[in-house]
Amino acid sequence: MPHLREMTKSIMDQQRTTLVLLSHCPAETVRIGRILGELLAAGDCVALVGELGAGKTCLTQGIAQGLGIPAGYAVTSPTFTLLNEYPGGKTGLYHFDVYRLTGPADLAETGFEEYLSHDGVVVIEWADKIEQQVPEGALYIVLSILEENVRKVEISGPRGQVDSCAAILHSGRHLTSASDCEAPGGCPQNAQGKNTEGRP
Ligand SMILES: Nc1ncnc2c1ncn2[C@@H]1O[C@H](COP(=O)(O)OP(=O)(O)OP(=O)(O)O)[C@@H](O)[C@H]1O
Ligand SMILES: [Mg+2]
């Protein structure tokens with residue numbers, strides 16, 4: 001007879017679904033993030049996976065917008081601290097980047113577990129590095145570079161959340177106009193000249 005934990009996992013798996021999108025420019029990725037941010041609530045966790053420059057921070061900037069984090073905050077990868085906190089939206093945003101994580105003790109020191117039960121949304125860049133610690137109900141987003149400006153965005157998570165996102169996208173409210181894609185910058189950090197490529 002299957003173990004209760006396995007049965008629970010299998011039921012949860014059945015309640016998860018995946019949405020695959022294409023983003024043609026940074027502004028479109030920000031827009032996808034904003035839609036997600038509008039749907040997220042305190043206690044939610046978003047696990048971002050993708051190579052250097054895939055658009056994880058760009059998507060997080062959109063999530064911050066959707067949560068209503070004041071525009072004065074420049075959302076960038078918390079490169080040396082593992083965590084940046086952004087207060088002030090409908091909930092706070094706890095933005096982890098575990099690229100430089102050296103081990104589980106390092107993560108524990110940040111208070112990661114406590115943040116998961118805080119009154120805020122947790123977003124983790126390079127979540128594949130801490131897969132065991134990512135909560136089962138998390139929204140997983142895998143970003144892949146297809147062309148210089150084209151990204152595949154695969155959103156997997158609880159059916160309700162993913163379906164709501166799909167409904168908004170299909171309603172056309174997300175559409176990024178050609179002029180959005182032609183505008184310089186896109187991800188605010190690029191407007192500030194931050195180069196994300198080739199981390200030491
Ligand atoms: N469709 C797109 N969506 C997102 N970013 C794009 C897109 N097209 C081009 N880019 C560029 O790709 C880069 C994405 O940078 P970003 O910092 O978001 O990546 P990242 O996945 O967080 O990288 P890192 O692992 O270094 O933190 C930016 O320079 C951005 O301008
Ligand atoms: Mg980043």
# chains A, B, ... in the order shown; residues from 1 in each chain; ligands from 1

call {"tool": "residues_near_ligand", "arguments": {"ligand": "ligand 2", "cutoff": "9 Å", "atoms": "only C-alpha atoms and all ligand atoms", "output": "list in words"}}
result
Leu52, Gly53, Ala54, Gly55, Lys56, Thr57, Cys58, Thr60, Thr76, Ser77, Pro78, Thr79, Asp97, Tyr99, Glu125, Trp126 and Thr196 of chain A

call {"tool": "select_by_dssp", "arguments": {"residues": "chain A", "states": "helix (DSSP H, G or I)", "output": "JSON, numbers by chain"}}
result
{"A": [4, 5, 6, 7, 8, 9, 10, 11, 12, 13, 14, 26, 27, 28, 29, 30, 31, 32, 33, 34, 35, 36, 37, 38, 39, 56, 57, 58, 59, 60, 61, 62, 63, 64, 65, 66, 67, 104, 105, 106, 107, 108, 109, 112, 113, 114, 115, 116, 127, 128, 129, 130, 131, 132, 133, 159, 160, 161, 162, 163, 164, 165, 166, 167, 168, 169, 170, 178, 179, 180, 181, 182, 188, 189, 190, 191]}

call {"tool": "residues_around", "arguments": {"residues": "Val134 of chain A", "least_positions_apart": "2", "cutoff": "9 Å", "atoms": "only C-alpha atoms", "output": "PyMOL selection string"}}
result
chain A and resi 45-47+124+127-128+130-132+136-138

call {"tool": "write_last_selection", "arguments": {"atoms": "C-alpha atoms", "output": "short mmCIF file (atom, residue, chain, number, x, y, z; two decimals), in the first residue's frame"}}
result
data_model
loop_
_atom_site.label_atom_id
_atom_site.label_comp_id
_atom_site.auth_asym_id
_atom_site.auth_seq_id
_atom_site.Cartn_x
_atom_site.Cartn_y
_atom_site.Cartn_z
CA CYS A 45 6.54 31.01 -3.00
CA VAL A 46 7.85 31.41 -6.56
CA ALA A 47 10.83 29.26 -7.59
CA ILE A 124 13.93 32.47 -5.29
CA ALA A 127 15.76 27.62 -7.00
CA ASP A 128 17.05 24.39 -8.57
CA ILE A 130 17.80 24.33 -3.20
CA GLU A 131 15.13 22.07 -4.66
CA GLN A 132 14.75 20.12 -1.40
CA GLU A 136 5.60 21.66 -2.43
CA GLY A 137 2.94 24.23 -3.28
CA ALA A 138 5.42 26.62 -4.93
#

call {"tool": "closest_residue", "arguments": {"among": "A:Arg5, A:His95, A:Arg31, A:Arg151", "to": "ligand 1", "atoms": "only C-alpha atoms and all ligand atoms"}}
result
A:Arg151

call {"tool": "closest_residue", "arguments": {"among": "A:Ser144, A:Thr17, A:Gln65, A:Ser117", "to": "Gly50 of chain A", "atoms": "only C-alpha atoms"}}
result
A:Ser144

call {"tool": "atom_distance", "arguments": {"atom1": "atom CA of Leu67 of chain A", "atom2": "atom CA of Glu147 of chain A"}}
result
29.2 Å

call {"tool": "residues_around", "arguments": {"residues": "segment 36-40 of chain A", "least_positions_apart": "6", "cutoff": "9 Å", "atoms": "only C-alpha atoms", "output": "JSON, numbers by chain"}}
result
{"A": [60, 62, 63, 64, 65, 66, 67, 68, 121, 161, 162, 164, 165]}

call {"tool": "write_last_selection", "arguments": {"atoms": "C-alpha atoms", "output": "compact mmCIF listing (two decimals), in the first residue's frame"}}
result
# COMPACT_ATOMS: atom_id res chain seq x y z
CA THR A 60 10.83 39.41 -10.37
CA GLY A 62 7.24 42.46 -12.73
CA ILE A 63 6.16 40.46 -9.68
CA ALA A 64 7.17 43.43 -7.49
CA GLN A 65 5.03 45.71 -9.64
CA GLY A 66 2.08 43.32 -9.42
CA LEU A 67 2.42 43.19 -5.63
CA GLY A 68 2.35 46.98 -5.58
CA VAL A 121 5.79 36.46 -1.04
CA GLN A 161 -3.15 29.93 -9.77
CA VAL A 162 -1.86 28.84 -13.18
CA SER A 164 -6.07 32.32 -13.42
CA CYS A 165 -2.85 33.51 -15.01

call {"tool": "residues_around", "arguments": {"residues": "Val98 of chain A", "least_positions_apart": "2", "cutoff": "6 Å", "atoms": "only C-alpha atoms", "output": "NGL selection string"}}
result
:A and (82 or 100-101 or 126)

call {"tool": "write_last_selection", "arguments": {"atoms": "N, CA and C atoms", "output": "PDB file, in the first residue's frame"}}
result
ATOM      1  N   LEU A  82      22.254  37.329  -0.642  1.00  0.00           N
ATOM      2  CA  LEU A  82      21.291  36.228  -0.812  1.00  0.00           C
ATOM      3  C   LEU A  82      19.847  36.704  -0.759  1.00  0.00           C
ATOM      4  N   ARG A 100      25.091  31.957  -5.222  1.00  0.00           N
ATOM      5  CA  ARG A 100      26.373  31.813  -4.521  1.00  0.00           C
ATOM      6  C   ARG A 100      26.280  31.004  -3.234  1.00  0.00           C
ATOM      7  N   LEU A 101      25.172  30.361  -3.042  1.00  0.00           N
ATOM      8  CA  LEU A 101      24.988  29.587  -1.818  1.00  0.00           C
ATOM      9  C   LEU A 101      26.048  28.496  -1.725  1.00  0.00           C
ATOM     10  N   TRP A 126      17.497  30.846  -8.999  1.00  0.00           N
ATOM     11  CA  TRP A 126      18.337  29.640  -8.957  1.00  0.00           C
ATOM     12  C   TRP A 126      17.757  28.619  -7.974  1.00  0.00           C
TER      13      TRP A 126
END

call {"tool": "atom_distance", "arguments": {"atom1": "atom 21 (O, counted along the ligand's line) of ligand 1", "atom2": "atom CA of Glu51 of chain A"}}
result
6.0 Å

call {"tool": "residues_around", "arguments": {"residues": "Lys152 of chain A", "least_positions_apart": "3", "cutoff": "9 Å", "atoms": "only C-alpha atoms", "output": "list in words"}}
result
Val20, Leu21, Leu22, Ser23, His24, Val142, Leu143, Ser144, Ile145 and Leu146 of chain A

call {"tool": "select_by_dssp", "arguments": {"residues": "chain A", "states": "strand (DSSP E)", "output": "number ranges by chain"}}
result
A: 16-23, 45-49, 83-86, 92-97, 120-125, 139-147, 150-158

call {"tool": "closest_residue", "arguments": {"among": "A:Ser171, A:Ala74, A:Gln15, A:Cys25", "to": "ligand 1", "atoms": "only C-alpha atoms and all ligand atoms"}}
result
A:Cys25

call {"tool": "closest_residue", "arguments": {"among": "A:Leu107, A:Leu116, A:Ala42, A:Val123", "to": "Val75 of chain A", "atoms": "only C-alpha atoms"}}
result
A:Val123

call {"tool": "closest_residue", "arguments": {"among": "A:Ala41, A:Ile35, A:Leu83, A:Ile168", "to": "Asp106 of chain A", "atoms": "only C-alpha atoms"}}
result
A:Leu83

call {"tool": "decode", "arguments": {"residues": "segment 105-127 of chain A", "atoms": "N, CA and C atoms", "output": "compact mmCIF listing (two decimals), in the first residue's frame"}}
result
# COMPACT_ATOMS: atom_id res chain seq x y z
N ALA A 105 23.59 25.29 5.42
CA ALA A 105 23.75 26.11 6.63
C ALA A 105 23.66 27.59 6.26
N ASP A 106 24.26 27.90 5.10
CA ASP A 106 24.24 29.27 4.56
C ASP A 106 22.80 29.76 4.39
N LEU A 107 21.98 28.87 3.84
CA LEU A 107 20.58 29.22 3.59
C LEU A 107 19.84 29.39 4.91
N ALA A 108 20.09 28.47 5.83
CA ALA A 108 19.42 28.53 7.14
C ALA A 108 19.74 29.85 7.83
N GLU A 109 20.99 30.30 7.67
CA GLU A 109 21.40 31.57 8.31
C GLU A 109 20.58 32.76 7.85
N THR A 110 20.09 32.70 6.64
CA THR A 110 19.30 33.83 6.14
C THR A 110 17.90 33.86 6.77
N GLY A 111 17.54 32.76 7.44
CA GLY A 111 16.20 32.67 8.01
C GLY A 111 15.18 32.26 6.96
N PHE A 112 15.66 31.55 5.93
CA PHE A 112 14.81 31.17 4.79
C PHE A 112 13.49 30.54 5.24
N GLU A 113 13.57 29.56 6.13
CA GLU A 113 12.36 28.85 6.59
C GLU A 113 11.35 29.82 7.19
N GLU A 114 11.87 30.77 7.98
CA GLU A 114 10.96 31.74 8.63
C GLU A 114 10.30 32.64 7.59
N TYR A 115 11.08 33.01 6.57
CA TYR A 115 10.49 33.89 5.54
C TYR A 115 9.34 33.20 4.83
N LEU A 116 9.45 31.85 4.70
CA LEU A 116 8.38 31.13 4.01
C LEU A 116 7.04 31.25 4.75
N SER A 117 7.12 31.44 6.06
CA SER A 117 5.86 31.56 6.82
C SER A 117 5.58 33.00 7.21
N HIS A 118 6.36 33.93 6.67
CA HIS A 118 6.14 35.36 6.93
C HIS A 118 4.92 35.86 6.15
N ASP A 119 4.60 37.09 6.43
CA ASP A 119 3.47 37.71 5.76
C ASP A 119 3.95 38.34 4.45
N GLY A 120 4.43 37.52 3.55
CA GLY A 120 4.95 38.08 2.30
C GLY A 120 5.08 37.00 1.25
N VAL A 121 5.57 37.40 0.07
CA VAL A 121 5.79 36.46 -1.04
C VAL A 121 7.30 36.22 -1.14
N VAL A 122 7.69 34.96 -1.26
CA VAL A 122 9.10 34.60 -1.40
C VAL A 122 9.38 34.25 -2.86
N VAL A 123 10.37 34.93 -3.45
CA VAL A 123 10.80 34.60 -4.82
C VAL A 123 12.25 34.15 -4.72
N ILE A 124 12.56 33.03 -5.37
CA ILE A 124 13.93 32.47 -5.29
C ILE A 124 14.52 32.33 -6.68
N GLU A 125 15.61 33.06 -6.95
CA GLU A 125 16.35 32.84 -8.20
C GLU A 125 17.31 31.67 -7.99
N TRP A 126 17.50 30.85 -9.00
CA TRP A 126 18.34 29.64 -8.96
C TRP A 126 17.76 28.62 -7.97
N ALA A 127 16.42 28.50 -7.96
CA ALA A 127 15.76 27.62 -7.00
C ALA A 127 16.16 26.16 -7.17
